[in-house]
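Colleague: I have a structure here, written as structure tokens, and I will follow up with some questions on it.
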Protein chains: 2
Amino acid sequence: MSPKTRNVTQREIAKIAGVSQTTVSMVLNDRDGSNVRIPEATRERVRQAIEQSTYVADPAARRLAGLDNKIIGVFTYEPALSPESMDFYGPLLNGLERAAEQIGCDLLFFTSSPVENGSRSLFHRNTRLRLADGCILLGQHMDGGDLTRLVDEGFPFVAVGRRDETDAHVPYVGIDYATLTTELVDAATALGHTDAIYLHHDRESPTANDRRAALQAAHERGDLRFTHVSVDTTDLAELPSVIAGAGASIVFAQDAFIAEDAAGALASAGIAVPAQVSITALGDVSGHRIEGVALSGFHTPRLQVAADALGLLQRLVTTPSDDWADLDTQRLLAGRVEIGDTLTSSAGIR
Amino acid sequence: MSPKTRNVTQREIAKIAGVSQTTVSMVLNDRDGSNVRIPEATRERVRQAIEQSTYVADPAARRLAGLDNKIIGVFTYEPALSPESMDFYGPLLNGLERAAEQIGCDLLFFTSSPVENGSRSLFHRNTRLRLADGCILLGQHMDGGDLTRLVDEGFPFVAVGRRDETDAHVPYVGIDYATLTTELVDAATALGHTDAIYLHHDRESPTANDRRAALQAAHERGDLRFTHVSVDTTDLAELPSVIAGAGASIVFAQDAFIAEDAAGALASAGIAVPAQVSITALGDVSGHRIEGVALSGFHTPRLQVAADALGLLQRLVTTPSDDWADLDTQRLLAGRVEIGDTLTSSAGIR
DNA sequence: CTGAAAGCGCTTACAG
DNA sequence: CTGAAAGCGCTTACAG
């Protein structure tokens, strides 16, 4: 129970201005509909009264009466504001904050649902989800069930990152990792690499599949043979022997952190990067360096992803759901390959 | 207008369970007051009905009916999620997120008010402030007027950082910079320093004053003579000559960033740190290094500050405002001086 | 042009 | 023990 002091209401404004409460509402919302035409004099009187008071509309009442809120929910499947998650979430949150300021809305972070097994649940008995006009979903590993339910309920939302639910049309804005991966593979091939290791996590996700599919295609074309190695089940200390066994000269890592770990393992074994073995990440490498040199990988427009996601959400919120089909609700943004200093033609391990 | 699909309400649950809507509300809120004693059988029937539906209470309606929301507002006077502000805001936001999860509340970031002259305004025509149970205020430079108005309105809030408004009792949680500064001055004195430069911004704030007062006291005790230099009006290229002119052997910088800039200026002039001149910051130096060595300064418990601020706010929200006077609403947390590698006995500039 | 009335979904005295 | 009713502060048909 919050110890609220009574706040100024429209009724009080109405009394001061000598009009009805309805009129105050009309003036505030600039309603000039079919049979409403409030003379400027009246409007002015109301505005004066408001000006002199500290009136602020109660957002709860507005919401309850069916209006929108200018509040966008932000749901992250992992803690978003911890130092560890900043590498991934930082640019996205930054982009959201800027875009939110642009369109004048507040951001409601659903921090209340406790993180269980490393991931939060969107729906729980006391979710404040519906207080928001719509919701942005962020996370390396989203729950497909949540997305489907949101679609079923007709609640406006946008996922950040490509999704491929088959049972529901999920709006998303993501990065085109398939194209980036193919470009990087081509670059490696052009440098003479023929055999590669792909270091990855076991967990599946649409964007993980995108990378894998692009590698698979290259493999089948005969451009670059891949040996897949899971970092979840393989000790990286074995990496050198795996590389030697596969006759590989390059390591593709699913993301920059795996690439860093791999580089560490190679350094420990006295293997020179990139003279003997090249390393490249299939993820954003901004700010990631390996022994002072720029890690090879992608640059991805994550600020833009966030801004586009919020823009799309805004359109969903303001469009009747019947017309959502006309909207371009699934968007992949192009990134840029950054060859960096850890990818070159390499001798391999003898 | 959001395209809401109708949601399940208490009335529908009531119909299913064959009870009145009031009873549903009672069960949900576990009301077992004076003349309410709902038999377990009825409770169970209602719970069943809820279980089988997708019922979630409408937060707007609850709020309008006078309950609390489990939503805490977060107001930052500068953009909080940009890379530049992470050094300051990062640990605070991290602490807030953790504490919010602990106590089960969501965080509403007031990102909508545009930043004007580098700072946001809390009160504006469409503020969603009142949707929150209370509000945490963050920022290097808060508006005293906002704080006073919040106190006047009886709205629960806590400022992060010491405040010294004289016209209102402002609840805050901050760092005890005065003590830290004194400790650092003593350490410098013990190392033989007698003359120092204080590099600072012009802008005033309680925490800036705390530092200044501690330096002033040392100056008057004759421990360490200070020459004050504003980085806003002085080109740091002149720093070496200023130091030489003052016969100083140490530079105190208001924060780590100024310290870094000062170090850069000295390096450009070929002056050795700390052999010739020591540098120390009067702010948190976590993660700040100067040419690979640890910058001297403070370690401040910013996660704890955030957690305490939220805890205090929670107590304000749940305490009738008449009893706020009994609460310990102004708290300074102790930090720790980190001598680091840039503070030692220095020769000075000849 | 303006106001009385219904309704949004909840909670909480207040009668039965 | 349970339900009908009032009220939270707003918006929006609907009558005047």
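Residues in the structure tokens are numbered from 1 in each chain, the chains being A, B, ... in the order shown, and ligands are numbered from 1 in the order shown.
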Within 7 Å of chain B, which residues of chain A are there when counting only C-alpha atoms? Please give them as a CSV table (one decimal) with all heavy atoms, in the first residue's frame.
Modeller:
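Ended up saving to out29.csv:
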chain,number,residue,atom,x,y,z
A,1,MET,N,0.9,-1.2,0.0
A,1,MET,CA,0.0,0.0,0.0
A,1,MET,C,0.9,1.2,0.0
A,1,MET,O,1.6,1.5,1.0
A,1,MET,CB,-0.9,0.0,1.3
A,1,MET,CG,-2.2,0.6,1.0
A,1,MET,SD,-3.3,-0.7,0.4
A,1,MET,CE,-2.6,-2.2,0.9
A,2,SER,N,0.9,2.0,-1.1
A,2,SER,CA,1.8,3.1,-1.1
A,2,SER,C,1.1,4.3,-0.4
A,2,SER,O,-0.1,4.5,-0.5
A,2,SER,CB,2.2,3.5,-2.5
A,2,SER,OG,1.2,4.2,-3.1
A,3,PRO,N,1.9,5.0,0.3
A,3,PRO,CA,1.3,6.2,1.1
A,3,PRO,C,1.1,7.4,0.2
A,3,PRO,O,1.7,8.4,0.4
A,3,PRO,CB,2.4,6.4,2.1
A,3,PRO,CG,3.7,6.0,1.5
A,3,PRO,CD,3.3,5.0,0.4
A,4,LYS,N,0.2,7.2,-0.8
A,4,LYS,CA,0.0,8.3,-1.8
A,4,LYS,C,-0.7,9.5,-1.1
A,4,LYS,O,-1.7,9.3,-0.4
A,4,LYS,CB,-0.9,7.8,-2.9
A,4,LYS,CG,-0.3,6.6,-3.6
A,4,LYS,CD,-1.3,6.0,-4.6
A,4,LYS,CE,-1.7,6.9,-5.7
A,4,LYS,NZ,-2.4,6.2,-6.8
A,5,THR,N,-0.2,10.6,-1.5
A,5,THR,CA,-1.0,11.8,-1.2
A,5,THR,C,-1.9,12.0,-2.3
A,5,THR,O,-1.6,11.6,-3.4
A,5,THR,CB,-0.1,13.0,-1.1
A,5,THR,OG1,0.8,13.0,-2.2
A,5,THR,CG2,0.7,13.1,0.2
A,56,VAL,N,-1.3,15.9,-13.5
A,56,VAL,CA,-0.7,14.9,-14.4
A,56,VAL,C,-1.7,13.8,-14.5
A,56,VAL,O,-2.2,13.3,-13.5
A,56,VAL,CB,0.6,14.4,-13.9
A,56,VAL,CG1,1.2,13.4,-14.8
A,56,VAL,CG2,1.6,15.5,-13.6
A,57,ALA,N,-2.0,13.4,-15.7
A,57,ALA,CA,-3.0,12.3,-15.9
A,57,ALA,C,-2.5,11.0,-15.2
A,57,ALA,O,-1.3,10.7,-15.3
A,57,ALA,CB,-3.2,12.0,-17.4
A,58,ASP,N,-3.4,10.3,-14.6
A,58,ASP,CA,-3.0,9.0,-14.0
A,58,ASP,C,-2.9,8.0,-15.1
A,58,ASP,O,-3.9,7.6,-15.7
A,58,ASP,CB,-4.1,8.6,-13.0
A,58,ASP,CG,-3.7,7.4,-12.2
A,58,ASP,OD1,-3.0,6.6,-12.8
A,58,ASP,OD2,-4.2,7.2,-11.1
A,59,PRO,N,-1.7,7.4,-15.2
A,59,PRO,CA,-1.5,6.5,-16.3
A,59,PRO,C,-2.3,5.2,-16.1
A,59,PRO,O,-2.7,4.6,-17.1
A,59,PRO,CB,0.0,6.2,-16.3
A,59,PRO,CG,0.6,7.1,-15.3
A,59,PRO,CD,-0.5,7.6,-14.4
A,60,ALA,N,-2.5,4.8,-14.9
A,60,ALA,CA,-3.2,3.6,-14.6
A,60,ALA,C,-4.7,3.7,-15.1
A,60,ALA,O,-5.2,2.9,-15.8
A,60,ALA,CB,-3.2,3.2,-13.2
A,61,ALA,N,-5.2,4.9,-14.8
A,61,ALA,CA,-6.6,5.1,-15.3
A,61,ALA,C,-6.7,5.2,-16.8
A,61,ALA,O,-7.7,4.6,-17.4
A,61,ALA,CB,-7.1,6.4,-14.6
A,63,ARG,N,-4.8,3.8,-18.9
A,63,ARG,CA,-4.6,2.4,-19.4
A,63,ARG,C,-5.9,1.6,-19.3
A,63,ARG,O,-6.3,0.9,-20.2
A,63,ARG,CB,-3.5,1.8,-18.7
A,63,ARG,CG,-3.1,0.4,-19.2
A,63,ARG,CD,-2.5,0.4,-20.5
A,63,ARG,NE,-2.1,-0.9,-21.0
A,63,ARG,CZ,-1.9,-1.1,-22.3
A,63,ARG,NH1,-2.2,-0.2,-23.2
A,63,ARG,NH2,-1.5,-2.3,-22.7
A,64,LEU,N,-6.5,1.7,-18.1
A,64,LEU,CA,-7.7,1.0,-17.8
A,64,LEU,C,-8.8,1.4,-18.7
A,64,LEU,O,-9.6,0.5,-19.1
A,64,LEU,CB,-8.1,1.2,-16.3
A,64,LEU,CG,-9.2,0.2,-15.8
A,64,LEU,CD1,-8.8,-1.2,-16.0
A,64,LEU,CD2,-9.5,0.5,-14.4
A,67,LEU,N,-6.6,3.2,-23.3
A,67,LEU,CA,-5.6,3.9,-24.1
A,67,LEU,C,-4.2,3.3,-24.0
A,67,LEU,O,-4.0,2.5,-23.2
A,67,LEU,CB,-5.5,5.4,-23.7
A,67,LEU,CG,-6.4,6.3,-24.5
A,67,LEU,CD1,-7.8,5.9,-24.4
A,67,LEU,CD2,-6.2,7.8,-24.0
A,68,ASP,N,-3.4,3.8,-24.9
A,68,ASP,CA,-2.0,3.2,-24.8
A,68,ASP,C,-1.3,4.1,-23.8
A,68,ASP,O,-1.7,5.2,-23.4
A,68,ASP,CB,-1.3,3.1,-26.1
A,68,ASP,CG,-1.1,4.5,-26.8
A,68,ASP,OD1,-1.6,5.5,-26.2
A,68,ASP,OD2,-0.6,4.6,-27.9
A,81,LEU,N,21.8,-6.4,-17.1
A,81,LEU,CA,22.6,-5.3,-16.7
A,81,LEU,C,23.8,-5.7,-15.9
A,81,LEU,O,24.5,-4.9,-15.3
A,81,LEU,CB,21.7,-4.3,-15.8
A,81,LEU,CG,20.5,-3.8,-16.5
A,81,LEU,CD1,19.6,-3.0,-15.5
A,81,LEU,CD2,20.9,-2.9,-17.7
A,82,SER,N,24.2,-7.0,-16.0
A,82,SER,CA,25.4,-7.4,-15.4
A,82,SER,C,26.6,-7.2,-16.3
A,82,SER,O,26.4,-7.2,-17.5
A,82,SER,CB,25.3,-8.9,-15.0
A,82,SER,OG,25.3,-9.7,-16.2
A,93,LEU,N,20.6,-2.5,-25.6
A,93,LEU,CA,20.0,-1.6,-24.7
A,93,LEU,C,20.2,-0.2,-25.0
A,93,LEU,O,19.3,0.7,-24.9
A,93,LEU,CB,20.5,-1.9,-23.2
A,93,LEU,CG,20.1,-3.3,-22.8
A,93,LEU,CD1,20.7,-3.6,-21.4
A,93,LEU,CD2,18.6,-3.6,-22.8
A,94,ASN,N,21.4,0.1,-25.4
A,94,ASN,CA,21.8,1.5,-25.8
A,94,ASN,C,20.9,1.9,-26.9
A,94,ASN,O,20.3,3.0,-26.9
A,94,ASN,CB,23.2,1.5,-26.2
A,94,ASN,CG,23.7,2.9,-26.5
A,94,ASN,OD1,24.7,3.1,-27.2
A,94,ASN,ND2,23.1,3.9,-26.0
A,97,GLU,N,17.3,2.5,-25.7
A,97,GLU,CA,17.2,3.8,-24.9
A,97,GLU,C,17.1,5.0,-25.8
A,97,GLU,O,16.2,5.8,-25.7
A,97,GLU,CB,18.4,4.0,-24.0
A,97,GLU,CG,18.3,5.2,-23.1
A,97,GLU,CD,19.4,5.4,-22.2
A,97,GLU,OE1,20.6,5.2,-22.6
A,97,GLU,OE2,19.2,5.7,-21.0
A,100,ALA,N,13.8,4.8,-27.7
A,100,ALA,CA,12.7,5.1,-26.8
A,100,ALA,C,12.6,6.6,-26.6
A,100,ALA,O,11.5,7.2,-26.5
A,100,ALA,CB,12.9,4.4,-25.5
A,101,GLU,N,13.7,7.3,-26.4
A,101,GLU,CA,13.7,8.7,-26.2
A,101,GLU,C,13.1,9.4,-27.4
A,101,GLU,O,12.2,10.3,-27.3
A,101,GLU,CB,15.1,9.2,-25.9
A,101,GLU,CG,15.1,10.7,-25.6
A,101,GLU,CD,16.5,11.3,-25.4
A,101,GLU,OE1,17.3,10.5,-24.9
A,101,GLU,OE2,16.7,12.4,-25.8
A,104,GLY,N,9.4,8.9,-27.5
A,104,GLY,CA,8.8,9.3,-26.3
A,104,GLY,C,8.1,8.2,-25.5
A,104,GLY,O,7.1,8.4,-24.9
A,105,CYS,N,8.8,7.1,-25.3
A,105,CYS,CA,8.2,6.1,-24.5
A,105,CYS,C,9.2,5.6,-23.4
A,105,CYS,O,10.4,5.8,-23.5
A,105,CYS,CB,7.6,4.9,-25.3
A,105,CYS,SG,8.8,4.0,-26.1
A,106,ASP,N,8.6,5.1,-22.3
A,106,ASP,CA,9.4,4.6,-21.2
A,106,ASP,C,9.6,3.1,-21.4
A,106,ASP,O,8.8,2.4,-22.1
A,106,ASP,CB,8.6,4.9,-19.9
A,106,ASP,CG,8.5,6.4,-19.6
A,106,ASP,OD1,9.5,7.1,-20.0
A,106,ASP,OD2,7.5,6.8,-19.1
A,107,LEU,N,10.6,2.6,-20.7
A,107,LEU,CA,11.0,1.2,-20.8
A,107,LEU,C,10.8,0.5,-19.5
A,107,LEU,O,11.4,0.8,-18.5
A,107,LEU,CB,12.4,1.2,-21.2
A,107,LEU,CG,12.9,0.9,-22.7
A,107,LEU,CD1,11.8,1.1,-23.7
A,107,LEU,CD2,14.2,1.6,-23.0
A,108,LEU,N,9.9,-0.5,-19.6
A,108,LEU,CA,9.6,-1.3,-18.4
A,108,LEU,C,10.4,-2.6,-18.4
A,108,LEU,O,10.1,-3.5,-19.2
A,108,LEU,CB,8.1,-1.6,-18.2
A,108,LEU,CG,7.6,-2.4,-17.1
A,108,LEU,CD1,8.1,-1.8,-15.7
A,108,LEU,CD2,6.1,-2.6,-17.1
A,109,PHE,N,11.4,-2.7,-17.6
A,109,PHE,CA,12.2,-4.0,-17.6
A,109,PHE,C,11.6,-5.0,-16.6
A,109,PHE,O,11.4,-4.7,-15.4
A,109,PHE,CB,13.6,-3.7,-17.1
A,109,PHE,CG,14.5,-3.0,-18.1
A,109,PHE,CD1,14.2,-1.8,-18.6
A,109,PHE,CD2,15.6,-3.7,-18.7
A,109,PHE,CE1,15.0,-1.2,-19.5
A,109,PHE,CE2,16.4,-3.1,-19.6
A,109,PHE,CZ,16.1,-1.9,-20.1
A,110,PHE,N,11.3,-6.1,-17.1
A,110,PHE,CA,10.6,-7.2,-16.3
A,110,PHE,C,11.7,-7.9,-15.5
A,110,PHE,O,12.0,-9.1,-15.8
A,110,PHE,CB,9.8,-8.1,-17.2
A,110,PHE,CG,8.7,-7.4,-17.8
A,110,PHE,CD1,8.6,-7.2,-19.2
A,110,PHE,CD2,7.6,-6.9,-17.1
A,110,PHE,CE1,7.6,-6.5,-19.8
A,110,PHE,CE2,6.6,-6.2,-17.7
A,110,PHE,CZ,6.6,-6.0,-19.1
A,111,THR,N,12.2,-7.3,-14.5
A,111,THR,CA,13.3,-7.9,-13.7
A,111,THR,C,12.7,-8.7,-12.6
A,111,THR,O,13.5,-9.4,-11.9
A,111,THR,CB,14.1,-6.7,-13.0
A,111,THR,OG1,13.2,-5.7,-12.6
A,111,THR,CG2,15.0,-6.1,-14.0
A,112,SER,N,11.4,-8.8,-12.4
A,112,SER,CA,10.9,-9.4,-11.3
A,112,SER,C,10.9,-10.9,-11.3
A,112,SER,O,11.0,-11.6,-10.3
A,112,SER,CB,9.4,-8.9,-11.0
A,112,SER,OG,8.6,-9.3,-12.1
A,113,SER,N,10.7,-11.5,-12.5
A,113,SER,CA,10.6,-12.9,-12.6
A,113,SER,C,12.0,-13.4,-12.4
A,113,SER,O,13.0,-13.1,-13.1
A,113,SER,CB,10.1,-13.4,-14.0
A,113,SER,OG,10.3,-12.4,-14.9
A,114,PRO,N,12.2,-14.3,-11.3
A,114,PRO,CA,13.5,-14.8,-11.0
A,114,PRO,C,14.1,-15.6,-12.1
A,114,PRO,O,13.4,-16.2,-12.9
A,114,PRO,CB,13.2,-15.6,-9.7
A,114,PRO,CG,11.8,-15.9,-9.8
A,114,PRO,CD,11.1,-14.8,-10.5
A,125,ARG,N,2.3,-15.4,-12.5
A,125,ARG,CA,1.0,-15.0,-11.9
A,125,ARG,C,0.9,-13.5,-11.8
A,125,ARG,O,-0.2,-12.9,-11.9
A,125,ARG,CB,0.9,-15.7,-10.6
A,125,ARG,CG,-0.3,-16.6,-10.5
A,125,ARG,CD,-0.5,-17.2,-9.2
A,125,ARG,NE,-0.5,-16.3,-8.0
A,125,ARG,CZ,-1.5,-15.5,-7.8
A,125,ARG,NH1,-2.5,-15.4,-8.6
A,125,ARG,NH2,-1.4,-14.6,-6.8
A,126,ASN,N,2.0,-12.8,-11.6
A,126,ASN,CA,1.9,-11.4,-11.4
A,126,ASN,C,2.6,-10.5,-12.4
A,126,ASN,O,3.0,-9.4,-12.2
A,126,ASN,CB,2.5,-11.0,-10.0
A,126,ASN,CG,1.6,-11.4,-8.9
A,126,ASN,OD1,0.4,-11.1,-9.0
A,126,ASN,ND2,2.1,-12.1,-7.9
A,128,ARG,N,3.5,-8.0,-15.0
A,128,ARG,CA,3.0,-6.7,-15.4
A,128,ARG,C,3.1,-6.4,-16.9
A,128,ARG,O,3.0,-5.3,-17.3
A,128,ARG,CB,3.9,-5.6,-14.7
A,128,ARG,CG,3.4,-5.1,-13.4
A,128,ARG,CD,3.5,-6.0,-12.2
A,128,ARG,NE,4.8,-6.3,-11.7
A,128,ARG,CZ,5.2,-7.0,-10.7
A,128,ARG,NH1,4.3,-7.6,-10.0
A,128,ARG,NH2,6.4,-7.2,-10.4
A,130,ARG,N,1.0,-6.7,-19.2
A,130,ARG,CA,-0.1,-6.0,-19.9
A,130,ARG,C,-0.1,-4.6,-19.6
A,130,ARG,O,-1.0,-3.8,-20.2
A,130,ARG,CB,-1.4,-6.7,-19.5
A,130,ARG,CG,-1.6,-8.0,-20.2
A,130,ARG,CD,-2.6,-8.9,-19.5
A,130,ARG,NE,-3.9,-8.2,-19.3
A,130,ARG,CZ,-4.9,-8.6,-18.6
A,130,ARG,NH1,-4.7,-9.7,-17.9
A,130,ARG,NH2,-6.0,-7.9,-18.5
A,131,LEU,N,0.7,-4.1,-18.7
A,131,LEU,CA,0.8,-2.7,-18.5
A,131,LEU,C,1.5,-2.0,-19.6
A,131,LEU,O,1.3,-0.8,-19.9
A,131,LEU,CB,1.6,-2.5,-17.2
A,131,LEU,CG,1.3,-1.2,-16.4
A,131,LEU,CD1,-0.2,-1.1,-16.1
A,131,LEU,CD2,2.1,-1.3,-15.1
A,133,ASP,N,2.4,-1.3,-23.7
A,133,ASP,CA,1.7,-1.3,-25.0
A,133,ASP,C,2.2,-2.5,-25.8
A,133,ASP,O,1.4,-3.1,-26.6
A,133,ASP,CB,2.0,-0.1,-25.8
A,133,ASP,CG,1.5,1.2,-25.0
A,133,ASP,OD1,0.6,1.0,-24.2
A,133,ASP,OD2,2.0,2.3,-25.3
A,153,GLU,N,-2.2,-14.6,-28.1
A,153,GLU,CA,-3.0,-13.6,-27.4
A,153,GLU,C,-3.1,-12.3,-28.1
A,153,GLU,O,-3.8,-11.3,-27.6
A,153,GLU,CB,-2.3,-13.3,-26.0
A,153,GLU,CG,-2.3,-14.6,-25.1
A,153,GLU,CD,-1.9,-14.3,-23.7
A,153,GLU,OE1,-1.5,-13.1,-23.4
A,153,GLU,OE2,-2.0,-15.2,-22.8
A,154,GLY,N,-2.4,-12.2,-29.2
A,154,GLY,CA,-2.5,-10.9,-30.0
A,154,GLY,C,-1.7,-9.8,-29.3
A,154,GLY,O,-2.0,-8.6,-29.6
A,155,PHE,N,-0.8,-10.1,-28.4
A,155,PHE,CA,-0.1,-9.1,-27.7
A,155,PHE,C,1.1,-8.6,-28.6
A,155,PHE,O,1.8,-9.4,-29.1
A,155,PHE,CB,0.5,-9.6,-26.4
A,155,PHE,CG,1.0,-8.5,-25.6
A,155,PHE,CD1,0.2,-7.7,-24.8
A,155,PHE,CD2,2.4,-8.2,-25.6
A,155,PHE,CE1,0.7,-6.7,-24.0
A,155,PHE,CE2,2.9,-7.2,-24.8
A,155,PHE,CZ,2.1,-6.5,-24.0
A,317,VAL,N,1.9,-1.7,-32.5
A,317,VAL,CA,1.0,-1.2,-31.5
A,317,VAL,C,-0.1,-0.2,-32.1
A,317,VAL,O,-1.2,-0.2,-31.6
A,317,VAL,CB,1.8,-0.4,-30.4
A,317,VAL,CG1,0.9,0.4,-29.5
A,317,VAL,CG2,2.7,-1.4,-29.6
A,318,THR,N,0.3,0.5,-33.1
A,318,THR,CA,-0.6,1.5,-33.6
A,318,THR,C,-1.4,0.9,-34.8
A,318,THR,O,-2.3,1.7,-35.3
A,318,THR,CB,0.1,2.7,-34.1
A,318,THR,OG1,1.2,2.3,-35.0
A,318,THR,CG2,0.8,3.5,-32.9
A,320,PRO,N,-4.2,-1.9,-36.1
A,320,PRO,CA,-5.1,-2.9,-35.7
A,320,PRO,C,-4.6,-4.3,-36.1
A,320,PRO,O,-4.0,-4.4,-37.2
A,320,PRO,CB,-6.4,-2.6,-36.5
A,320,PRO,CG,-6.2,-1.2,-37.0
A,320,PRO,CD,-4.8,-0.9,-37.1
A,321,SER,N,-4.7,-5.3,-35.2
A,321,SER,CA,-4.0,-6.5,-35.4
A,321,SER,C,-4.5,-7.2,-36.7
A,321,SER,O,-3.8,-8.0,-37.3
A,321,SER,CB,-4.2,-7.5,-34.2
A,321,SER,OG,-5.6,-7.5,-33.8
Colleague: Please identify which residues in stretch 182-337 of chain A DSSP calls strand (DSSP E or B) from the backbone, and express them as number ranges by chain.
Modeller: A: 195-200, 225-230, 250-253, 278-284, 289-290, 293-294, 296-299, 330-333, 336-337
Colleague: I'd like to know which of A:Val337, A:Val170, A:Met142, A:Leu343 is closest to A:Ser278, using only C-alpha atoms.
Modeller: A:Leu343
Colleague: Report, in Å with one decimal, the straight-line distance from atom CA of A:Gln52 to atom CA of A:Arg37.
Modeller: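 Between atom CA of A:Gln52 and atom CA of A:Arg37 the gap is 24.2 Å.
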Colleague: For chain A, work out the contacting residues on chain C at 12 Å, counting only C-alpha atoms (C1' of nucleotides), and write them as a ChimeraX atom specification.
Modeller: /C:1-11
Colleague: Could you save those same residues with N, CA, C and O atoms (P, O5', C5', C4', C3', O3' and C1' of nucleotides) as an mmCIF file, in the first residue's frame?
Modeller:
data_model
loop_
_atom_site.group_PDB
_atom_site.id
_atom_site.type_symbol
_atom_site.label_atom_id
_atom_site.label_comp_id
_atom_site.auth_asym_id
_atom_site.auth_seq_id
_atom_site.Cartn_x
_atom_site.Cartn_y
_atom_site.Cartn_z
ATOM 1 P P DC C 1 -19.236 24.905 -32.055
ATOM 2 O "O5'" DC C 1 -19.501 24.437 -30.590
ATOM 3 C "C5'" DC C 1 -19.148 25.236 -29.486
ATOM 4 C "C4'" DC C 1 -20.043 24.823 -28.358
ATOM 5 C "C3'" DC C 1 -19.296 24.092 -27.227
ATOM 6 O "O3'" DC C 1 -19.516 24.810 -26.016
ATOM 7 C "C1'" DC C 1 -21.280 22.928 -27.865
ATOM 8 P P DT C 2 -18.675 24.563 -24.741
ATOM 9 O "O5'" DT C 2 -19.550 23.437 -24.054
ATOM 10 C "C5'" DT C 2 -20.657 23.834 -23.254
ATOM 11 C "C4'" DT C 2 -21.306 22.601 -22.666
ATOM 12 C "C3'" DT C 2 -20.435 21.847 -21.669
ATOM 13 O "O3'" DT C 2 -21.144 21.829 -20.450
ATOM 14 C "C1'" DT C 2 -21.491 20.368 -23.177
ATOM 15 P P DG C 3 -20.374 21.564 -19.096
ATOM 16 O "O5'" DG C 3 -21.258 20.380 -18.521
ATOM 17 C "C5'" DG C 3 -22.672 20.516 -18.593
ATOM 18 C "C4'" DG C 3 -23.307 19.150 -18.533
ATOM 19 C "C3'" DG C 3 -22.718 18.250 -17.444
ATOM 20 O "O3'" DG C 3 -23.807 17.561 -16.836
ATOM 21 C "C1'" DG C 3 -22.625 17.147 -19.509
ATOM 22 P P DA C 4 -23.644 17.034 -15.377
ATOM 23 O "O5'" DA C 4 -24.698 15.842 -15.388
ATOM 24 C "C5'" DA C 4 -25.706 15.814 -16.401
ATOM 25 C "C4'" DA C 4 -26.176 14.395 -16.623
ATOM 26 C "C3'" DA C 4 -25.932 13.429 -15.478
ATOM 27 O "O3'" DA C 4 -26.866 12.366 -15.640
ATOM 28 C "C1'" DA C 4 -24.548 12.826 -17.247
ATOM 29 P P DA C 5 -26.805 11.086 -14.735
ATOM 30 O "O5'" DA C 5 -26.042 10.038 -15.672
ATOM 31 C "C5'" DA C 5 -26.582 9.758 -16.974
ATOM 32 C "C4'" DA C 5 -25.947 8.499 -17.527
ATOM 33 C "C3'" DA C 5 -25.640 7.432 -16.480
ATOM 34 O "O3'" DA C 5 -25.843 6.169 -17.078
ATOM 35 C "C1'" DA C 5 -23.642 8.055 -17.553
ATOM 36 P P DA C 6 -25.809 4.827 -16.217
ATOM 37 O "O5'" DA C 6 -24.868 3.895 -17.112
ATOM 38 C "C5'" DA C 6 -24.917 4.028 -18.536
ATOM 39 C "C4'" DA C 6 -23.682 3.384 -19.127
ATOM 40 C "C3'" DA C 6 -23.212 2.140 -18.365
ATOM 41 O "O3'" DA C 6 -22.759 1.188 -19.312
ATOM 42 C "C1'" DA C 6 -21.478 3.726 -18.431
ATOM 43 P P DG C 7 -22.481 -0.331 -18.834
ATOM 44 O "O5'" DG C 7 -20.901 -0.422 -19.021
ATOM 45 C "C5'" DG C 7 -20.290 0.056 -20.216
ATOM 46 C "C4'" DG C 7 -18.810 0.146 -19.989
ATOM 47 C "C3'" DG C 7 -18.267 -0.970 -19.084
ATOM 48 O "O3'" DG C 7 -17.190 -1.621 -19.727
ATOM 49 C "C1'" DG C 7 -17.519 1.146 -18.354
ATOM 50 P P DC C 8 -16.767 -3.088 -19.216
ATOM 51 O "O5'" DC C 8 -15.181 -3.010 -19.307
ATOM 52 C "C5'" DC C 8 -14.494 -2.266 -20.284
ATOM 53 C "C4'" DC C 8 -13.187 -1.810 -19.697
ATOM 54 C "C3'" DC C 8 -12.682 -2.701 -18.567
ATOM 55 O "O3'" DC C 8 -11.865 -3.730 -19.128
ATOM 56 C "C1'" DC C 8 -12.433 -0.354 -18.051
ATOM 57 P P DG C 9 -12.172 -5.276 -18.802
ATOM 58 O "O5'" DG C 9 -11.506 -5.479 -17.383
ATOM 59 C "C5'" DG C 9 -10.120 -5.233 -17.228
ATOM 60 C "C4'" DG C 9 -9.783 -5.188 -15.765
ATOM 61 C "C3'" DG C 9 -10.217 -6.425 -14.975
ATOM 62 O "O3'" DG C 9 -9.089 -6.910 -14.290
ATOM 63 C "C1'" DG C 9 -10.917 -4.452 -13.885
ATOM 64 P P DC C 10 -9.119 -8.126 -13.336
ATOM 65 O "O5'" DC C 10 -9.284 -7.364 -11.946
ATOM 66 C "C5'" DC C 10 -8.283 -7.305 -11.021
ATOM 67 C "C4'" DC C 10 -8.394 -6.017 -10.215
ATOM 68 C "C3'" DC C 10 -8.754 -6.238 -8.755
ATOM 69 O "O3'" DC C 10 -7.561 -6.486 -8.031
ATOM 70 C "C1'" DC C 10 -9.886 -4.339 -9.681
ATOM 71 P P DT C 11 -7.698 -7.174 -6.633
ATOM 72 O "O5'" DT C 11 -8.217 -5.974 -5.728
ATOM 73 C "C5'" DT C 11 -7.363 -4.869 -5.464
ATOM 74 C "C4'" DT C 11 -8.036 -3.950 -4.463
ATOM 75 C "C3'" DT C 11 -8.305 -4.611 -3.110
ATOM 76 O "O3'" DT C 11 -7.893 -3.700 -2.109
ATOM 77 C "C1'" DT C 11 -10.328 -3.741 -4.006
#
